[in-house]
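This report concerns only the one structure given below.
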Amino acid sequence: MWNDILVLLKQELLLIVIIFVLLFVKVSAAEWSNATLLNLVNGLLLINFIAGFFMHAEGVVFSGMFHTDNLINLEKNILNGGTLLISMLAGSWLKQHKHVLEFYLLLLSTLVGMFFMISSGNLLLFYLGLELSTIPLAAIANFDLEKRQSSEAALKFIISSAFSSGLLLLGISLVYGTTGTLGFEGISRHLEGSPLQLFAFVLLLSGFAFKISVVPFHLWTADVYEGSSGTASFRC
């Protein structure tokens, strides 16, 4: 059983190991230059990206709550490649910042949340992965603590995120109340199209639309982007 868990959660566990490595480096690397830290992190991210192409497995663990297959592994590795690209693009900005490792700890925590969300077979794990990928992003938006715009961006992000989380939780609770399960397969078997289930679907759709900034739930996004840390550097 443990071997199955280690293989199926390979990508998540590898990211968690990298996070712990960066935590240990943070404790002991007060004299390291930002350039050295960036080279270390980019090397770890490159290893993580390459490792995503090996030891693929398909299966389900935790009573169907977590599942993975070749397509899911490909999606996760696309995210790994995107994270490596973000790290390389942000290099010139981070070289002048005094909290380099904190940025990567938040970024990788967001990535872990996305991985759990992709592999979720259950509304509960989906919600937990979504929140884990959202909360660190709010902290990244406020990464330049001395800039008022960044604080405003993070505040708007948190308020919209809290509101959408409330909608999601209410929708999930109604779905569970009407179907008796949180598993995606079980929910599909118990859908009857009742008014309460339609209302739960509207709540779920609205909450998720806020999270991913779908029209017309997107009005907060421009302000958050404008005030987020490093935005001007990326535009250049």
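By order in the structure tokens, chains are A, B, ...; within a chain, residues start at 1; ligands start at 1, following the order shown.
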
Mind running region 96-196 of chain A against region 10-26 of chain A at 7 Å and telling me each contacting residue's nearest atom pair with the distance in Å (one decimal), counting only C-alpha atoms, chain and number ascending, as CSV?
```
residue,atom,partner,partner_atom,distance
A:Leu101,CA,A:Lys26,CA,6.7
A:Leu105,CA,A:Ile19,CA,6.0
A:Leu108,CA,A:Ile19,CA,7.0
A:Val112,CA,A:Glu12,CA,6.0
A:Phe115,CA,A:Glu12,CA,6.7
```

Output of the above residues as a tab-separated table (two decimals), in the first residue's frame, restricted to N, CA and C atoms:
```
chain	number	residue	atom	x	y	z
A	101	LEU	N	13.73	33.20	-1.14
A	101	LEU	CA	13.24	31.87	-0.82
A	101	LEU	C	11.78	31.88	-0.42
A	105	LEU	N	8.82	29.44	-1.78
A	105	LEU	CA	8.02	28.62	-0.87
A	105	LEU	C	6.53	28.83	-1.12
A	108	LEU	N	5.67	27.32	-4.76
A	108	LEU	CA	5.61	25.85	-4.78
A	108	LEU	C	4.44	25.34	-3.97
A	112	VAL	N	1.64	22.76	-5.37
A	112	VAL	CA	1.17	21.54	-4.70
A	112	VAL	C	-0.36	21.52	-4.64
A	115	PHE	N	-1.74	20.54	-7.94
A	115	PHE	CA	-1.59	19.11	-8.18
A	115	PHE	C	-2.69	18.31	-7.49
```

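Within 9 Å of region 151-161 of chain A there are A:Glu131, A:Thr134, A:Ile135, A:Leu137, A:Ala138, A:Ala139, A:Ile140, A:Ala141, A:Asn142, A:Phe143, A:Asp144, A:Leu145, A:Glu146, A:Gly166, A:Gly207, A:Phe210, A:Lys211, A:Trp220, A:Thr221, A:Asp223, A:Val224, A:Tyr225, A:Glu226, A:Gly227, A:Ser228, counting only C-alpha atoms and ignoring same-chain residues fewer than 5 positions away.
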
Write the residues of the selection above to a file with C-alpha atoms, as an mmCIF file, in the first residue's frame.
```
data_model
loop_
_atom_site.group_PDB
_atom_site.id
_atom_site.type_symbol
_atom_site.label_atom_id
_atom_site.label_comp_id
_atom_site.auth_asym_id
_atom_site.auth_seq_id
_atom_site.Cartn_x
_atom_site.Cartn_y
_atom_site.Cartn_z
ATOM 1 C CA GLU A 131 -7.568 26.824 -1.287
ATOM 2 C CA THR A 134 -5.151 30.347 -3.745
ATOM 3 C CA ILE A 135 -3.968 31.508 -0.295
ATOM 4 C CA LEU A 137 -1.026 33.585 -4.263
ATOM 5 C CA ALA A 138 -2.546 36.316 -2.110
ATOM 6 C CA ALA A 139 0.703 36.472 -0.142
ATOM 7 C CA ILE A 140 2.689 36.681 -3.391
ATOM 8 C CA ALA A 141 0.486 39.582 -4.520
ATOM 9 C CA ASN A 142 1.562 41.412 -1.342
ATOM 10 C CA PHE A 143 5.191 40.350 -1.620
ATOM 11 C CA ASP A 144 6.501 43.923 -1.864
ATOM 12 C CA LEU A 145 5.487 44.865 1.652
ATOM 13 C CA GLU A 146 6.603 48.478 1.352
ATOM 14 C CA GLY A 166 -18.094 30.648 1.089
ATOM 15 C CA GLY A 207 -17.650 30.211 -6.519
ATOM 16 C CA PHE A 210 -14.729 33.831 -8.986
ATOM 17 C CA LYS A 211 -11.597 31.758 -8.371
ATOM 18 C CA TRP A 220 -11.384 42.087 -9.253
ATOM 19 C CA THR A 221 -8.621 40.589 -11.409
ATOM 20 C CA ASP A 223 -6.764 45.563 -9.834
ATOM 21 C CA VAL A 224 -4.987 42.582 -8.308
ATOM 22 C CA TYR A 225 -2.751 42.154 -11.358
ATOM 23 C CA GLU A 226 -1.930 45.853 -11.457
ATOM 24 C CA GLY A 227 -0.817 45.942 -7.815
ATOM 25 C CA SER A 228 0.895 42.540 -7.638
#
```

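Counting only C-alpha atoms, the residue from A:Leu182, A:Ala222, A:Val175, A:Leu107 that sits nearest to Gly121 (chain A) is A:Leu182.
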
Test item: residues at most 12 Å from Leu205 (chain A), only C-alpha atoms, excluding those fewer than 3 positions along its chain, as a list in words:
Ser164, Ser165, Leu167, Leu168, Leu169, Leu170, Gly171, Ile172, Leu198, Phe199, Ala200, Phe201, Val202, Phe208, Ala209, Phe210, Lys211, Ile212, Ser213, Val214, Val215 and Phe217 of chain A

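Straight-line separation from CA of Met114 (chain A) to CA of Trp93 (chain A): 24.7 Å.
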
Residues near Gly113 (chain A), cut-off 7 Å, only C-alpha atoms, skip fewer than 4 positions along chain, as a list in words:
Ser109, Met117, Gly129, Leu130, Leu132 and Ser133 of chain A

Counting only C-alpha atoms, figure out which residue out of A:Val61, A:Leu196, A:Ala90, A:Met55 gets nearest to Asn42 (chain A).
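Ranking A:Val61, A:Leu196, A:Ala90, A:Met55 by distance to Asn42 (chain A), first place goes to A:Ala90.
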
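Across the model, the gap from CA of Ile118 (chain A) to CA of Gln197 (chain A) is 23.8 Å.
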
DSSP on the backbone: what in region 25-199 of chain A comes out strand (DSSP E), as a VMD selection string?
chain A and resid 59 to 61 66 to 68

For CA of Leu94 (chain A) and CA of Leu40 (chain A), the interatomic separation in Å (one decimal):
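That distance, rounded to one decimal, is 13.3 Å.
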